[in-house]
Amino acid sequence: MDQVSLMIHIFGVQRKIHKMIPSRIKLSKKATDKLRYLKMKTGLTPNILSRIAIMLAIREEGNLSNAGVGDMEGGQELNDTTLFGEHLAVYDILINQYRLDKKIVLNTNETIVAMIEIGVHKMGHIRQTEQLCDL
């Protein structure tokens with residue numbers, strides 16, 4: 001993978017970090033279908049729902065072995081700037097710290113896909129946007 005540097009500001013000081021998140025992330029067909037369903041119910045786009053899913057996976061405190069990443073054929077592919085927007089550097093740090101803390105052996109792309117799988121599973125009961133606040 002190409003090493004890309006990001007400039008971030010931490011406590012008012014500009015820092016250069018190497019981006020670990022791949023430029024393109026391919027989701028499983030199962031996660032793509034769940035995200036489409038959630039979009040119909042909430043009106044939120046798959047990238048916003050995926051960000052919420054990642055944060056739910058981080059909060060869970062479990063590991064990614066129960067992610068059950070399904071068939072990748074027919075899954076949606078998102079580029080990193082669409083998926084994470086202006087918060088790319090923050091997600092890059094959070095995901096990589098999560099990998100270190102949990103001693104995850106998956107690469108960054110596989111970790112992101114597994115985190116989204118876990119998170120969208122936790123959002124499966126959502127029928128309207130307001131219910132996201134209860135997660």
# chains A, B, ... in the order shown; residues from 1 in each chain; ligands from 1
>>> residues_around(residues="A:Gly75", least_positions_apart="3", cutoff="6 Å", atoms="only C-alpha atoms", output="PyMOL selection string")
chain A and resi 27-29+32+72
>>> write_last_selection(atoms="N, CA and C atoms", output="mmCIF file, in the first residue's frame")
data_model
loop_
_atom_site.group_PDB
_atom_site.id
_atom_site.type_symbol
_atom_site.label_atom_id
_atom_site.label_comp_id
_atom_site.auth_asym_id
_atom_site.auth_seq_id
_atom_site.Cartn_x
_atom_site.Cartn_y
_atom_site.Cartn_z
ATOM 1 N N LEU A 27 -17.119 -3.410 0.982
ATOM 2 C CA LEU A 27 -17.965 -4.013 2.006
ATOM 3 C C LEU A 27 -18.538 -5.327 1.494
ATOM 4 N N SER A 28 -18.979 -6.158 2.411
ATOM 5 C CA SER A 28 -19.614 -7.416 2.016
ATOM 6 C C SER A 28 -21.007 -7.126 1.461
ATOM 7 N N LYS A 29 -21.534 -8.093 0.760
ATOM 8 C CA LYS A 29 -22.900 -7.972 0.228
ATOM 9 C C LYS A 29 -23.896 -7.829 1.374
ATOM 10 N N THR A 32 -23.688 -4.347 2.807
ATOM 11 C CA THR A 32 -24.242 -3.425 1.815
ATOM 12 C C THR A 32 -25.763 -3.460 1.847
ATOM 13 N N MET A 72 -18.059 -11.036 -0.471
ATOM 14 C CA MET A 72 -17.702 -9.690 -0.902
ATOM 15 C C MET A 72 -18.253 -9.385 -2.297
#
>>> closest_residue(among="A:Asp33, A:Thr111, A:Val105, A:Gly119", to="A:Arg51", atoms="only C-alpha atoms")
A:Gly119
>>> closest_residue(among="A:Thr108, A:Val120, A:Ile25, A:Thr42", to="A:Ala57", atoms="only C-alpha atoms")
A:Val120
>>> closest_residue(among="A:Lys34, A:Lys41, A:His87, A:Lys26", to="A:Ile118", atoms="only C-alpha atoms")
A:Lys34
>>> residues_around(residues="A:Asn79", least_positions_apart="6", cutoff="12 Å", atoms="only C-alpha atoms", output="ChimeraX atom specification")
/A:21-27,46-47,85,88,109
>>> write_last_selection(atoms="C-alpha atoms", output="PDB file, in the first residue's frame")
ATOM      1  CA  ILE A  21      -6.571   3.347   5.908  1.00  0.00           C
ATOM      2  CA  PRO A  22      -6.675   2.047   2.327  1.00  0.00           C
ATOM      3  CA  SER A  23      -7.994   4.331  -0.414  1.00  0.00           C
ATOM      4  CA  ARG A  24     -10.874   1.960  -1.217  1.00  0.00           C
ATOM      5  CA  ILE A  25     -12.868  -0.230   1.163  1.00  0.00           C
ATOM      6  CA  LYS A  26     -15.091  -2.988  -0.244  1.00  0.00           C
ATOM      7  CA  LEU A  27     -17.965  -4.013   2.006  1.00  0.00           C
ATOM      8  CA  PRO A  46     -24.159   4.394   3.903  1.00  0.00           C
ATOM      9  CA  ASN A  47     -20.983   6.328   4.714  1.00  0.00           C
ATOM     10  CA  GLY A  85     -14.988  12.573   5.149  1.00  0.00           C
ATOM     11  CA  LEU A  88     -10.297  10.575   7.966  1.00  0.00           C
ATOM     12  CA  ASN A 109      -9.053  -3.003   5.396  1.00  0.00           C
TER      13      ASN A 109
END
>>> decode(residues="stretch 24-47 of chain A", atoms="C-alpha atoms", output="JSON list (two decimals), in the first residue's frame")
[["chain", "number", "residue", "atom", "x", "y", "z"],
["A", 24, "ARG", "CA", -10.87, 1.96, -1.22],
["A", 25, "ILE", "CA", -12.87, -0.23, 1.16],
["A", 26, "LYS", "CA", -15.09, -2.99, -0.24],
["A", 27, "LEU", "CA", -17.96, -4.01, 2.01],
["A", 28, "SER", "CA", -19.61, -7.42, 2.02],
["A", 29, "LYS", "CA", -22.90, -7.97, 0.23],
["A", 30, "LYS", "CA", -24.57, -8.54, 3.60],
["A", 31, "ALA", "CA", -23.33, -5.23, 5.04],
["A", 32, "THR", "CA", -24.24, -3.42, 1.81],
["A", 33, "ASP", "CA", -27.80, -4.79, 1.96],
["A", 34, "LYS", "CA", -28.16, -3.82, 5.64],
["A", 35, "LEU", "CA", -26.84, -0.33, 4.93],
["A", 36, "ARG", "CA", -29.35, 0.08, 2.08],
["A", 37, "TYR", "CA", -32.16, -1.03, 4.38],
["A", 38, "LEU", "CA", -31.03, 1.37, 7.10],
["A", 39, "LYS", "CA", -30.81, 4.18, 4.55],
["A", 40, "MET", "CA", -34.45, 3.55, 3.56],
["A", 41, "LYS", "CA", -35.51, 3.70, 7.21],
["A", 42, "THR", "CA", -33.37, 6.62, 8.39],
["A", 43, "GLY", "CA", -32.46, 8.61, 5.29],
["A", 44, "LEU", "CA", -28.79, 8.49, 6.32],
["A", 45, "THR", "CA", -26.22, 7.59, 3.68],
["A", 46, "PRO", "CA", -24.16, 4.39, 3.90],
["A", 47, "ASN", "CA", -20.98, 6.33, 4.71]]
